[in-house]
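Trainee: See upload_36.cif below, with mmCIF, C-alpha atoms.
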```
data_final
#
loop_
_atom_site.label_atom_id
_atom_site.label_comp_id
_atom_site.auth_asym_id
_atom_site.auth_seq_id
_atom_site.Cartn_x
_atom_site.Cartn_y
_atom_site.Cartn_z
CA MET H 1 70.10 64.37 -137.75
CA ILE H 2 71.00 66.89 -135.03
CA THR H 3 67.71 66.24 -133.23
CA ARG H 4 68.40 62.50 -133.14
CA PHE H 5 71.67 63.05 -131.23
CA LEU H 6 70.26 65.82 -129.01
CA TYR H 7 67.63 63.67 -127.22
CA PRO H 8 70.14 61.18 -125.68
CA ILE H 9 72.28 64.06 -124.41
CA ILE H 10 69.28 65.68 -122.70
CA ILE H 11 68.29 62.39 -121.03
CA VAL H 12 71.86 61.87 -119.71
CA LEU H 13 71.91 65.38 -118.27
CA LEU H 14 68.56 64.83 -116.52
CA PHE H 15 69.72 61.64 -114.78
CA ALA H 16 73.03 63.25 -113.82
CA GLY H 17 71.12 66.00 -112.08
CA CYS H 18 69.35 63.42 -109.87
CA GLU H 19 72.57 62.06 -108.40
CA GLU H 20 72.92 64.78 -105.75
CA ILE H 21 72.19 63.37 -102.27
CA TYR H 22 69.56 65.23 -100.30
CA ASN H 23 70.34 65.71 -96.62
CA PRO H 24 67.27 66.92 -94.72
CA ASN H 25 67.75 69.53 -92.03
CA ILE H 26 66.41 67.97 -88.82
CA ASP H 27 66.14 70.42 -85.95
CA SER H 28 67.49 69.42 -82.57
CA VAL H 29 64.52 68.74 -80.27
CA GLN H 30 64.72 69.31 -76.54
CA THR H 31 64.78 66.11 -74.51
CA GLN H 32 61.72 65.27 -72.43
CA LEU H 33 61.39 63.81 -68.95
CA VAL H 34 60.13 60.21 -68.79
CA VAL H 35 58.50 58.96 -65.57
CA GLU H 36 57.98 55.25 -64.98
CA SER H 37 56.22 54.54 -61.68
CA HIS H 38 54.77 51.54 -59.90
CA VAL H 39 53.47 52.21 -56.39
CA THR H 40 51.56 49.60 -54.36
CA ASN H 41 51.00 48.37 -50.82
CA ASP H 42 53.87 45.91 -51.37
CA PRO H 43 57.18 47.60 -50.42
CA ALA H 44 59.10 45.31 -52.81
CA GLN H 45 57.21 46.82 -55.78
CA ASN H 46 57.35 50.53 -54.97
CA TYR H 47 59.55 52.55 -57.31
CA VAL H 48 59.76 55.62 -59.53
CA LYS H 49 62.27 55.61 -62.39
CA LEU H 50 63.26 58.82 -64.17
CA SER H 51 64.94 59.03 -67.57
CA LYS H 52 65.06 61.37 -70.56
CA THR H 53 64.30 60.96 -74.23
CA SER H 54 67.26 61.12 -76.61
CA ASP H 55 67.81 63.77 -79.26
CA PHE H 56 67.77 62.55 -82.88
CA TYR H 57 71.51 63.17 -83.23
CA SER H 58 72.43 61.73 -79.83
CA THR H 59 74.70 58.69 -79.73
CA ASP H 60 73.96 57.93 -76.07
CA SER H 61 71.60 55.03 -75.33
CA SER H 62 69.94 57.04 -72.56
CA GLU H 63 70.54 60.24 -70.65
CA LYS H 64 70.81 60.12 -66.85
CA VAL H 65 68.53 62.22 -64.67
CA ILE H 66 70.86 63.59 -62.01
CA GLY H 67 69.84 65.73 -59.05
CA ALA H 68 66.10 65.07 -59.07
CA LYS H 69 63.90 64.85 -55.99
CA VAL H 70 60.80 62.64 -55.87
CA SER H 71 58.08 62.68 -53.20
CA LEU H 72 54.92 60.68 -52.57
CA VAL H 73 52.31 63.04 -51.14
CA GLN H 74 49.18 61.95 -49.28
CA VAL H 75 46.46 64.51 -49.92
CA GLY H 76 45.52 65.95 -46.53
CA GLY H 77 48.33 63.98 -44.90
CA GLY H 78 52.09 63.69 -44.90
CA GLU H 79 54.77 63.63 -47.59
CA GLN H 80 57.60 61.13 -47.87
CA GLU H 81 60.69 61.75 -49.94
CA GLY H 82 61.90 59.00 -52.21
CA ILE H 83 65.23 57.31 -51.51
CA GLU H 84 67.51 57.30 -54.55
CA GLY H 85 69.42 54.07 -55.14
CA ASP H 86 70.74 54.00 -58.68
CA ILE H 87 70.73 57.33 -60.50
CA GLY H 88 67.14 58.27 -61.26
CA TYR H 89 65.67 55.26 -59.42
CA PHE H 90 63.66 56.04 -56.26
CA THR H 91 61.91 53.91 -53.65
CA PHE H 92 59.75 54.87 -50.66
CA PRO H 93 60.19 53.76 -47.02
CA ASN H 94 56.45 53.46 -46.38
CA THR H 95 53.64 52.03 -48.47
CA PRO H 96 50.42 53.88 -49.37
CA GLU H 97 47.10 52.76 -47.93
CA PRO H 98 44.01 51.69 -49.92
CA GLY H 99 41.20 54.23 -49.75
CA LYS H 100 43.51 57.25 -49.44
CA THR H 101 44.46 59.77 -52.12
CA TYR H 102 48.02 60.47 -53.26
CA LEU H 103 49.99 62.41 -55.84
CA LEU H 104 53.56 62.26 -57.13
CA ARG H 105 55.78 65.34 -56.96
CA ILE H 106 59.09 65.71 -58.84
CA GLN H 107 61.65 68.54 -58.76
CA TYR H 108 64.24 68.57 -61.54
CA GLU H 109 66.31 71.30 -63.20
CA ASN H 110 64.34 74.17 -61.61
CA ASN H 111 61.08 72.66 -62.80
CA ASN H 112 58.25 71.28 -60.70
CA TYR H 113 56.24 68.30 -61.92
CA GLU H 114 53.08 66.99 -60.31
CA SER H 115 50.70 64.15 -61.07
CA SER H 116 46.95 64.09 -60.80
CA GLN H 117 45.50 63.09 -57.46
CA VAL H 118 44.83 59.35 -57.42
CA LEU H 119 42.62 57.40 -55.01
CA MET H 120 44.26 54.07 -54.18
CA PRO H 121 41.74 51.26 -54.90
CA ASP H 122 40.64 48.65 -52.37
CA LEU H 123 42.63 45.43 -52.09
CA PRO H 124 41.78 43.10 -54.99
CA THR H 125 40.36 39.61 -54.57
CA ILE H 126 39.71 36.52 -56.69
CA ASP H 127 36.30 34.97 -56.10
CA THR H 128 36.65 31.87 -58.26
CA LEU H 129 39.27 30.27 -60.49
CA TYR H 130 38.25 28.27 -63.58
CA THR H 131 40.21 26.05 -65.95
CA PRO H 132 37.94 25.63 -68.99
CA HIS H 133 38.99 23.58 -72.02
CA THR H 134 40.16 25.66 -74.97
CA ILE H 135 42.18 25.39 -78.16
CA ASN H 136 44.92 27.96 -78.60
CA LYS H 137 45.19 28.82 -82.31
CA GLN H 138 48.12 30.64 -83.87
CA TYR H 139 49.89 30.87 -87.19
CA VAL H 140 53.53 29.80 -87.42
CA THR H 141 55.85 29.91 -90.43
CA ASP H 142 57.04 26.58 -91.80
CA SER H 143 60.45 25.85 -93.35
CA TYR H 144 59.20 27.15 -96.71
CA GLY H 145 58.07 30.49 -95.25
CA SER H 146 54.37 29.70 -95.49
CA PRO H 147 52.04 30.43 -92.54
CA GLN H 148 50.45 27.34 -91.02
CA LEU H 149 47.63 27.23 -88.48
CA VAL H 150 48.66 25.34 -85.33
CA GLU H 151 46.02 24.25 -82.82
CA ASP H 152 47.16 23.56 -79.26
CA PRO H 153 44.53 22.09 -76.88
CA GLY H 154 44.79 23.06 -73.23
CA ARG H 155 43.15 25.10 -70.50
CA ASN H 156 42.59 28.79 -69.92
CA VAL H 157 43.20 29.76 -66.31
CA SER H 158 40.37 32.25 -65.76
CA ILE H 159 39.00 34.12 -62.76
CA ASP H 160 35.99 35.92 -61.36
CA ALA H 161 36.64 39.14 -59.40
CA PRO H 162 34.15 41.45 -57.66
CA ILE H 163 33.32 45.03 -58.63
CA SER H 164 32.81 47.62 -55.90
CA GLU H 165 32.56 51.39 -55.64
CA ASN H 166 36.33 51.78 -55.10
CA LEU H 167 37.50 48.88 -57.27
CA LYS H 168 36.22 48.29 -60.79
CA TYR H 169 39.39 47.68 -62.80
CA TYR H 170 42.12 45.07 -62.57
CA ARG H 171 45.51 44.16 -64.00
CA PHE H 172 47.11 40.71 -63.87
CA ASN H 173 50.62 39.29 -64.12
CA TYR H 174 51.41 35.62 -63.77
CA ARG H 175 54.22 33.18 -63.27
CA ALA H 176 53.56 29.49 -63.88
CA VAL H 177 56.07 27.03 -62.41
CA LEU H 178 56.10 23.59 -64.05
CA GLN H 179 57.35 20.79 -61.77
CA TRP H 180 59.08 17.83 -63.43
CA ILE H 181 60.65 14.53 -62.38
CA TYR H 182 63.45 12.58 -64.07
CA ASN H 183 64.21 8.97 -63.09
CA PRO H 184 67.69 7.97 -64.33
CA PRO H 185 67.97 4.44 -65.72
CA ALA H 186 69.33 1.78 -63.39
CA GLY H 187 72.90 0.62 -63.89
CA GLY H 188 73.99 -2.93 -64.74
CA GLY H 189 74.90 -3.80 -61.16
CA PHE H 190 72.79 -5.00 -58.26
CA GLY H 191 72.84 -1.80 -56.23
CA PRO H 192 69.93 0.58 -55.64
CA PRO H 193 68.69 2.64 -58.59
CA PRO H 194 70.02 6.21 -58.98
CA PRO H 195 68.04 8.86 -57.10
CA SER H 196 65.34 10.80 -58.93
CA TRP H 197 65.76 14.38 -60.07
CA PHE H 198 63.13 16.94 -59.02
CA GLY H 199 63.18 20.04 -61.17
CA TRP H 200 61.15 23.07 -62.13
CA LEU H 201 61.03 25.90 -64.67
CA SER H 202 58.94 29.04 -65.08
CA ILE H 203 56.96 30.80 -67.77
CA PHE H 204 55.98 34.45 -67.37
CA SER H 205 53.58 37.11 -68.58
CA ILE H 206 54.64 38.49 -71.94
CA SER H 207 53.30 40.78 -74.64
CA THR H 208 50.50 43.21 -73.78
CA PHE H 209 49.03 44.21 -70.44
CA ASN H 210 46.35 41.86 -69.11
CA ILE H 211 43.64 44.23 -67.88
CA ALA H 212 39.98 43.77 -67.01
CA GLY H 213 37.08 46.06 -66.27
CA PRO H 214 33.30 46.26 -66.53
CA LYS H 215 31.94 46.31 -70.03
CA GLU H 216 30.25 49.48 -71.19
CA PHE H 217 26.59 49.69 -70.14
CA SER H 218 27.02 46.49 -68.08
CA VAL H 219 25.24 46.16 -64.72
CA SER H 220 27.25 43.10 -63.64
CA GLU H 221 28.68 43.14 -60.12
CA LYS H 222 31.81 41.18 -61.04
CA ILE H 223 34.43 40.48 -63.66
CA GLN H 224 33.47 37.05 -64.98
CA ASN H 225 35.56 34.29 -66.54
CA HIS H 226 38.46 36.59 -67.37
CA PRO H 227 41.44 34.62 -68.85
CA VAL H 228 44.79 35.18 -67.13
CA LEU H 229 46.96 32.56 -68.85
CA PHE H 230 46.89 29.49 -71.07
CA LEU H 231 48.43 26.10 -70.19
CA SER H 232 48.83 23.45 -72.86
CA TYR H 233 48.00 19.81 -72.17
CA ASP H 234 51.28 19.03 -73.91
CA SER H 235 53.61 19.99 -71.06
CA GLN H 236 56.54 18.45 -72.93
CA GLN H 237 56.70 21.55 -75.13
CA TYR H 238 57.92 23.51 -72.11
CA LEU H 239 60.58 20.96 -71.07
CA ASP H 240 64.11 20.29 -72.30
CA SER H 241 63.85 16.52 -72.58
CA SER H 242 61.17 13.89 -73.19
CA GLN H 243 62.64 11.99 -70.21
CA GLN H 244 61.38 14.72 -67.87
CA SER H 245 57.88 13.86 -66.60
CA PRO H 246 55.55 16.81 -65.82
CA SER H 247 54.28 16.84 -62.24
CA GLY H 248 51.84 19.75 -62.04
CA TRP H 249 51.91 23.53 -62.10
CA ILE H 250 52.29 26.11 -59.34
CA VAL H 251 50.45 29.13 -60.77
CA ILE H 252 51.29 32.50 -59.20
CA ILE H 253 48.85 35.31 -60.03
CA ASP H 254 49.72 38.90 -59.16
CA GLU H 255 46.46 40.82 -59.03
CA TYR H 256 46.34 44.62 -59.02
CA GLY H 257 43.45 46.91 -58.32
CA ILE H 258 43.84 49.86 -60.70
CA THR H 259 42.02 53.07 -61.51
CA LYS H 260 39.94 53.82 -64.61
CA GLU H 261 42.72 56.18 -65.76
CA SER H 262 45.33 53.43 -65.39
CA TYR H 263 43.08 51.04 -67.32
CA ASP H 264 42.64 53.54 -70.18
CA PHE H 265 46.38 54.32 -70.26
CA ARG H 266 47.32 50.65 -70.57
CA GLU H 267 44.60 49.99 -73.11
CA LYS H 268 46.13 52.67 -75.34
CA LEU H 269 49.58 51.18 -74.81
CA ASN H 270 48.20 47.77 -75.81
CA GLN H 271 46.94 49.33 -79.04
CA GLN H 272 50.40 50.79 -79.60
CA PHE H 273 52.14 47.44 -78.96
CA ALA H 274 49.78 45.66 -81.33
CA ALA H 275 50.13 48.25 -84.11
CA GLU H 276 51.02 46.76 -87.49
CA GLY H 277 51.70 49.80 -89.61
CA SER H 278 48.16 51.03 -90.23
CA LEU H 279 47.77 54.70 -91.09
CA PHE H 280 45.53 55.12 -88.05
CA ASP H 281 47.66 53.26 -85.51
CA PRO H 282 48.15 55.29 -82.33
CA VAL H 283 51.62 56.73 -81.78
CA ILE H 284 53.33 57.04 -78.42
CA THR H 285 52.78 60.83 -78.28
CA GLN H 286 49.03 60.16 -78.33
CA VAL H 287 49.26 58.10 -75.13
CA TYR H 288 48.88 60.89 -72.60
CA GLY H 289 49.91 60.40 -68.98
CA ASN H 290 48.74 62.14 -65.81
CA ILE H 291 51.89 64.14 -64.94
CA ARG H 292 52.32 67.84 -65.80
CA CYS H 293 54.93 70.55 -65.33
CA THR H 294 53.29 73.06 -62.99
CA ASN H 295 55.57 76.02 -63.81
CA ASP H 296 55.73 75.54 -67.60
CA LYS H 297 52.62 74.20 -69.28
CA SER H 298 54.44 73.82 -72.60
CA LYS H 299 56.73 71.11 -71.26
CA ILE H 300 55.75 67.56 -72.22
CA VAL H 301 56.18 64.77 -69.68
CA LEU H 302 55.98 61.14 -70.77
CA GLY H 303 54.77 58.78 -68.08
CA PHE H 304 52.08 57.89 -65.62
CA PHE H 305 51.71 57.93 -61.84
CA ASP H 306 50.48 54.39 -61.34
CA LEU H 307 48.98 53.72 -57.91
CA ASN H 308 47.81 50.11 -57.44
CA SER H 309 46.50 47.94 -54.66
CA TYR H 310 48.07 44.49 -54.76
CA ARG H 311 47.52 40.89 -53.67
CA GLN H 312 49.08 37.61 -54.76
CA TYR H 313 47.27 34.28 -55.17
CA ARG H 314 48.81 30.85 -55.72
CA TYR H 315 47.24 27.64 -57.01
CA PHE H 316 48.37 24.11 -57.71
CA LEU H 317 47.02 22.72 -60.98
CA ASN H 318 47.45 19.31 -62.59
CA LEU H 319 45.18 19.39 -65.60
CA SER H 320 44.05 16.44 -67.68
CA ILE H 321 42.38 16.34 -71.07
CA TYR H 322 40.20 13.49 -69.78
CA ASP H 323 38.97 15.26 -66.62
CA ASP H 324 36.85 18.41 -66.65
CA ARG H 325 38.56 19.78 -63.56
CA GLY H 326 41.73 17.80 -62.88
CA ILE H 327 43.55 18.64 -59.67
CA GLN H 328 43.04 22.23 -58.59
CA ARG H 329 43.55 23.80 -55.18
CA ARG H 330 44.44 27.18 -53.74
CA LEU H 331 47.73 27.39 -51.82
CA ASN H 332 48.19 29.14 -48.49
CA ARG H 333 51.98 29.30 -48.43
CA TYR H 334 54.25 31.65 -50.35
CA PRO H 335 57.84 30.38 -50.36
CA ALA H 336 60.39 31.93 -52.69
CA ILE H 337 60.79 29.88 -55.89
CA PRO H 338 63.86 30.37 -58.11
CA TYR H 339 63.28 30.76 -61.84
CA LYS H 340 64.46 27.22 -62.63
CA GLY H 341 66.62 24.42 -61.25
CA TYR H 342 66.61 20.87 -59.90
CA LEU H 343 67.55 18.79 -56.86
CA ILE H 344 68.79 15.21 -56.90
CA GLY H 345 67.22 12.84 -54.40
CA ASP H 346 65.12 15.42 -52.53
CA ARG H 347 62.13 17.49 -53.53
CA PRO H 348 62.53 21.26 -53.04
CA SER H 349 60.74 22.76 -50.05
CA PHE H 350 58.13 24.49 -52.24
CA TRP H 351 57.16 21.27 -54.04
CA GLU H 352 53.44 20.55 -54.35
CA TYR H 353 51.91 17.06 -54.56
CA ASN H 354 48.88 15.72 -56.38
CA TYR H 355 46.95 15.26 -53.15
#
```
Please re-express this file's structure in structure tokens.
Mentor:
Amino acid sequence: MITRFLYPIIIVLLFAGCEEIYNPNIDSVQTQLVVESHVTNDPAQNYVKLSKTSDFYSTDSSEKVIGAKVSLVQVGGGEQEGIEGDIGYFTFPNTPEPGKTYLLRIQYENNNYESSQVLMPDLPTIDTLYTPHTINKQYVTDSYGSPQLVEDPGRNVSIDAPISENLKYYRFNYRAVLQWIYNPPAGGGFGPPPPSWFGWLSIFSISTFNIAGPKEFSVSEKIQNHPVLFLSYDSQQYLDSSQQSPSGWIVIIDEYGITKESYDFREKLNQQFAAEGSLFDPVITQVYGNIRCTNDKSKIVLGFFDLNSYRQYRYFLNLSIYDDRGIQRRLNRYPAIPYKGYLIGDRPSFWEYNY
């Protein structure tokens, strides 16, 4: 009889002992310098941004890097000191030149940081632009939470680019500007119809880095048929109203000549961005940069000295599902185009026609 009552008491005592909350002791880890750089032959794109990682217990969103000095050094040439605008954000008065070698030098909190020496690639070019038919396939979740395959016919905007001794790797960004026209309905009177609206909106590069390089063991002398962006035949999916009529695309391609090291760095970042929880997914500490602390080898620096050559290309495209090519021509003017907007009665100055 005693044994029968003893078992429940033991079980209650065991569960009661599990109620104590365990608070792990997490050591405070020293913050690390983060270097984000983008240096090209375009002065509007030259910058170096410094920040610091946050401690586990920190409540600050980010820690400012105050009192740093940043210099762009030409190997065998001069050195220019960066101009600090916002705290930790530096620009340079002069642009680097393709074919010359540079390094980045940073002084902060009695420490000296220096990047690897990087040869700036030759200016990039696009040999040919293609718009092959394709079907964009992706899974979307329906109202019941079930994944459904959606097929969207359209065109890939793809390019050929040459490979040379000083330029084998590329990176691409794009901005596609969709032109549209809206014709308001006429009123009940006998006056002239209301003026047309001429509008535009933009779609941009998203997700992972778009990079290209020669395939391993390839002897090809060019990058061939590399896709830069996808444009659906159904332009209405980009617009706000079915009363807006699509009137062609202005496609802006930013092309960068990059180094093999920059290509490898971004390829690892792409793997990190695409990680889905696998045990063997790369973590950010495995994505090594090319900047080191010269006076303390134990210090870890997160970041990469990214030296690119740059050129922009623009095209007008009006693509049809019934025509293999549609309207396609390269543009020779580069006016500024706001993100979106419209004019009533007059086309904007950057407007492109179907002829």
Trainee: Nearest to Glu221 in chain H: which of H:Tyr169, H:Ser262, H:Ala186, H:Arg175 is it, counting all atoms listed in the file?
Mentor: H:Tyr169
Trainee: Which residue gives the smallest distance to Asn290 in chain H among H:Leu123, H:Leu104, H:Leu269, H:Val65, with all atoms listed in the file counted?
Mentor: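 Comparing H:Leu123, H:Leu104, H:Leu269, H:Val65 against Asn290 in chain H, the winner is H:Leu104.
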Trainee: Can you build me a table of range 103-209 of chain H residues sitting at most 9 Å from range 295-303 of chain H, with the closest atom pair per residue and its distance in Å to one decimal, using all atoms listed in the file, sorted by chain and residue number, as JSON lines?
Mentor:
```
{"residue": "H:Asn111", "atom": "CA", "partner": "H:Asn295", "partner_atom": "CA", "distance": 6.5}
{"residue": "H:Asn112", "atom": "CA", "partner": "H:Asn295", "partner_atom": "CA", "distance": 6.3}
{"residue": "H:Tyr113", "atom": "CA", "partner": "H:Asn295", "partner_atom": "CA", "distance": 8.0}
```
Trainee: Env of range 332-347 of chain H: 8 Å cut, atoms = all atoms listed in the file, seq-sep filter 5 positions within chain, self excluded. Answer as a list in words.
Mentor: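 Contacts, in chain order: Pro195, Ser196, Trp197, Phe198, Gly199, Trp200, Leu201, Ser202 and Arg314 of chain H.
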Trainee: Those selected residues, please, written with C-alpha atoms and delivered as a PDB file, keeping the file's coordinate frame.
Mentor:
```
ATOM      1  CA  PRO H 195      68.040   8.860 -57.100  1.00  0.00           C
ATOM      2  CA  SER H 196      65.340  10.800 -58.930  1.00  0.00           C
ATOM      3  CA  TRP H 197      65.760  14.380 -60.070  1.00  0.00           C
ATOM      4  CA  PHE H 198      63.130  16.940 -59.020  1.00  0.00           C
ATOM      5  CA  GLY H 199      63.180  20.040 -61.170  1.00  0.00           C
ATOM      6  CA  TRP H 200      61.150  23.070 -62.130  1.00  0.00           C
ATOM      7  CA  LEU H 201      61.030  25.900 -64.670  1.00  0.00           C
ATOM      8  CA  SER H 202      58.940  29.040 -65.080  1.00  0.00           C
ATOM      9  CA  ARG H 314      48.810  30.850 -55.720  1.00  0.00           C
TER      10      ARG H 314
END
```
Trainee: Can you work out the spacing between CA of Lys260 in chain H and CA of Glu36 in chain H in Å, to one decimal?
Mentor: 18.1 Å
Trainee: Give as a VMD selection string each residue that has an atom at most 10 Å from (46.5, 44.7, -71.8) in the file, counting all atoms listed in the file.
Mentor: chain H and resid 171 to 172 207 to 212 263 to 271 273
Trainee: Using the selection just defined, write its residues with C-alpha atoms as a PDB file, in the coordinates of the input.
Mentor:
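The resulting file, again.pdb, is reproduced below:
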```
ATOM      1  CA  ARG H 171      45.510  44.160 -64.000  1.00  0.00           C
ATOM      2  CA  PHE H 172      47.110  40.710 -63.870  1.00  0.00           C
ATOM      3  CA  SER H 207      53.300  40.780 -74.640  1.00  0.00           C
ATOM      4  CA  THR H 208      50.500  43.210 -73.780  1.00  0.00           C
ATOM      5  CA  PHE H 209      49.030  44.210 -70.440  1.00  0.00           C
ATOM      6  CA  ASN H 210      46.350  41.860 -69.110  1.00  0.00           C
ATOM      7  CA  ILE H 211      43.640  44.230 -67.880  1.00  0.00           C
ATOM      8  CA  ALA H 212      39.980  43.770 -67.010  1.00  0.00           C
ATOM      9  CA  TYR H 263      43.080  51.040 -67.320  1.00  0.00           C
ATOM     10  CA  ASP H 264      42.640  53.540 -70.180  1.00  0.00           C
ATOM     11  CA  PHE H 265      46.380  54.320 -70.260  1.00  0.00           C
ATOM     12  CA  ARG H 266      47.320  50.650 -70.570  1.00  0.00           C
ATOM     13  CA  GLU H 267      44.600  49.990 -73.110  1.00  0.00           C
ATOM     14  CA  LYS H 268      46.130  52.670 -75.340  1.00  0.00           C
ATOM     15  CA  LEU H 269      49.580  51.180 -74.810  1.00  0.00           C
ATOM     16  CA  ASN H 270      48.200  47.770 -75.810  1.00  0.00           C
ATOM     17  CA  GLN H 271      46.940  49.330 -79.040  1.00  0.00           C
ATOM     18  CA  PHE H 273      52.140  47.440 -78.960  1.00  0.00           C
TER      19      PHE H 273
END
```
Trainee: When you count all atoms listed in the file, which of these residues is closest to Lys222 in chain H: H:Tyr170, H:Trp249, H:Tyr102, H:Tyr89?
Mentor: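 Counting all atoms listed in the file, the residue closest to Lys222 in chain H is H:Tyr170.
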